[in-house]
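Take a look at the structure below.
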Amino acid sequence: MKLQRNGRSKALAIGAMALVSSLSLAACGSDDNGTGGTSGSSSAAAGSSIKCGKAGNLLGAGSSAQATAVDVWKTNFAAACSGSTVNYQAPGSGAGIQQFNQGKVTFAGSDSALKPAEVDASKAVCTGGQGIDLPMAGGLISLVFNVEGVDSLVLDAPTAAKIFDTQITKWNDPAIVALNPSAKLPDAEIQTFHRSEDSGTTENLTKYFAAAGNGAWSYPASKAWAGKNGQSATGSAGVAAQVKQVKNSISYVELAYAQTNNLKSAALNTGASKPVEATAANAANTFAKAKIAGTGSDLALKLDYATKDEGSYPLVLVTYEIVCDKGNKAETLDTLKSFLTYTISDAGQKAAGEKGYVPLPKELTDKVNGIIPTLA
């Protein structure tokens with residue numbers, strides 16, 4: 001069961017919306033396109049109709065990768081739905097899942113799907129049910145750099161893995177020079193920055209290293225950083241700020257943070273005919289071929305980090321909103337359905353796309369829309 005691409009966009013974040021609207025998803029489960037299953041009035045916000053259920057206050061926590069998208073979503077939702085608010089904190093995917101399984105938040109944001117042990121733990125909170133993964137925010141991970149005299153940079157997975165594991169320590173290392181023959185690379189020490197907390201972004205980066213690094217990354221893919229040396233910072237905003245301030249540095253952040261901080265992003269040599277730039281349109285080409293790996297109401301995706309397809313940027317992530325399929329709190333269930341229905345709508349995805357995210361394929365958003373009304 002694959003997401004198939006029927007069209008191509010030449011635009012970046014905003015233009016990706018036009019591309020992904022033409023993607024198709026092979027039939028998988030119900031094709032019912034729900035409307036959120038809530039009662040109440042419909043209000044206009046950001047040029048769309050948001051169906052508001054009963055007023056309520058939602059608490060969420062987790063991924064910093066989606067924080068900018070959530071800021072836009074919650075602002076539009078609150079403007080449309082009087083009395084309803086969304087409070088989202090971004091301590092990282094691992095902390096968000098932990099808070100969800102402790103019953104402290106209504107939903108968690110995570111850049112990696114729930115592990116079996118985490119699903120088991122969720123059953124204590126989701127009475128009669130369990131936690132499920134609903135894809136909500138598509139994104140790409142930029143390898144952002146601040147190197148004196150270098151405006152463009154090409155890396156591949158083995159070289160990047162060795163840089164982040166301090167096996168390569170100078171910017172004029174032969175491996176980097178070979179990928180950038182015309183660049184004036186300085187004889188300078190490389191300063192790497194990684195996330196200090198458990199991070200789904202870290203896990204997706206290390207999945208890329210594991211899949212495409214030809215053994216250069218010797219550690220299991222994980223939310224916790226395992227590489228040698230380097231310095232750490234908290235959240236995507238933290239590592240982005242460090243790269244912006246420190247010369248000859250490199251780190252990994254979502255495209256939205258690269259754009260916000262005016263950071264340069266490396267292109268990736270994937271084995272295609274030319275290096276693939278870190279653009280939303282190129283990431284959309286990779287999402288087009290993602291497989292649904294979850295079962296039942298769970299829509300976890302399997303991404304191809306080792307793709308060599310032309311114009312497919314392999315270093316991508318999808319942020320899931322983790323909710324109970326059954327056992328959600330009655331006092332916030334109506335508001336939760338209403339909010340999720342907006343975020344997965346065309347208008348919600350477009351609002352995120354304007355901030356550097358990758359709108360998800362329409363046929364996938366239809367699947368999410370089919371699950372939301374069934375939440376109980």
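Ligands are numbered from 1 in the order shown, residues from 1 within each chain, and chains are lettered A, B, ... in the order they appear in the structure tokens.
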Sorted by chain and rising residue number, list the residues of stretch 35-128 of chain A at most 12 Å from stretch 240-262 of chain A (counting only C-alpha atoms), each with its closest atom pair and distance in Å to one decimal, as a tab-separated table.
```
residue	atom	partner	partner_atom	distance
A:Ser63	CA	A:Glu254	CA	11.1
A:Ser64	CA	A:Glu254	CA	9.3
A:Ala65	CA	A:Glu254	CA	6.1
A:Gln66	CA	A:Glu254	CA	8.7
A:Ala67	CA	A:Ala256	CA	9.7
A:Thr68	CA	A:Ala256	CA	7.5
A:Ala69	CA	A:Ala256	CA	8.9
A:Asp111	CA	A:Glu254	CA	10.9
```
Hey, what's within 7 Å of stretch 302-307 of chain A if we count only C-alpha atoms and toss same-chain stuff fewer than 5 positions away? As a short mmCIF file (atom, residue, chain, number, x, y, z; two decimals) with N, CA, C and O atoms, in the first residue's frame, please?
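Written out: out-v1.cif:
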```cif
data_model
loop_
_atom_site.label_atom_id
_atom_site.label_comp_id
_atom_site.auth_asym_id
_atom_site.auth_seq_id
_atom_site.Cartn_x
_atom_site.Cartn_y
_atom_site.Cartn_z
N TYR A 208 18.02 7.65 9.00
CA TYR A 208 18.63 7.98 7.72
C TYR A 208 20.07 7.48 7.68
O TYR A 208 20.51 6.84 6.71
N ALA A 211 20.01 3.70 7.40
CA ALA A 211 19.52 3.17 6.12
C ALA A 211 20.46 3.46 4.96
O ALA A 211 20.60 2.64 4.05
N ALA A 212 21.10 4.62 4.98
CA ALA A 212 21.87 5.06 3.82
C ALA A 212 23.34 5.31 4.10
O ALA A 212 24.08 5.71 3.20
N ALA A 290 5.59 6.77 0.64
CA ALA A 290 5.57 6.20 1.98
C ALA A 290 4.55 5.08 2.08
O ALA A 290 3.53 5.09 1.38
N LYS A 291 4.81 4.12 2.92
CA LYS A 291 3.90 3.01 3.16
C LYS A 291 3.23 3.17 4.52
O LYS A 291 3.83 3.65 5.47
N ILE A 292 1.98 2.77 4.60
CA ILE A 292 1.30 2.75 5.89
C ILE A 292 1.67 1.45 6.60
O ILE A 292 1.40 0.36 6.10
N ALA A 293 2.30 1.59 7.76
CA ALA A 293 2.76 0.42 8.52
C ALA A 293 1.85 0.09 9.69
O ALA A 293 1.91 -1.02 10.23
N PRO A 314 15.52 12.48 1.02
CA PRO A 314 15.27 11.32 1.87
C PRO A 314 15.16 11.59 3.37
O PRO A 314 14.61 10.77 4.11
N LEU A 315 15.68 12.73 3.80
CA LEU A 315 15.75 12.99 5.24
C LEU A 315 14.48 13.71 5.68
O LEU A 315 14.45 14.93 5.83
#
```
Exercise for review: Would you return as an MDAnalysis selection string the members of stretch 171-280 of chain A that DSSP assigns to strand (DSSP E or B) on this structure's backbone?
Suggested key: chainID A and resid 189 191:195 231:233 249:254 264:265 267:268 276
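Using only C-alpha atoms for every distance, the candidate list A:Val125, A:Cys52, A:Ile97, A:Ile132 yields A:Ile132 as the residue closest to A:Thr295.
Among the candidates A:Trp73, A:Val147, A:Glu197, A:Asn172, the one nearest to A:Lys355 when counting only C-alpha atoms is A:Trp73.
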Point to revise | Secondary structure check, alpha helix (DSSP H) residues of stretch 77-319 of chain A, as a PyMOL selection string | key: chain A and resi 77-80+93-101+116-122+157-164+174-179+200-212+235-245+255-260+280-287
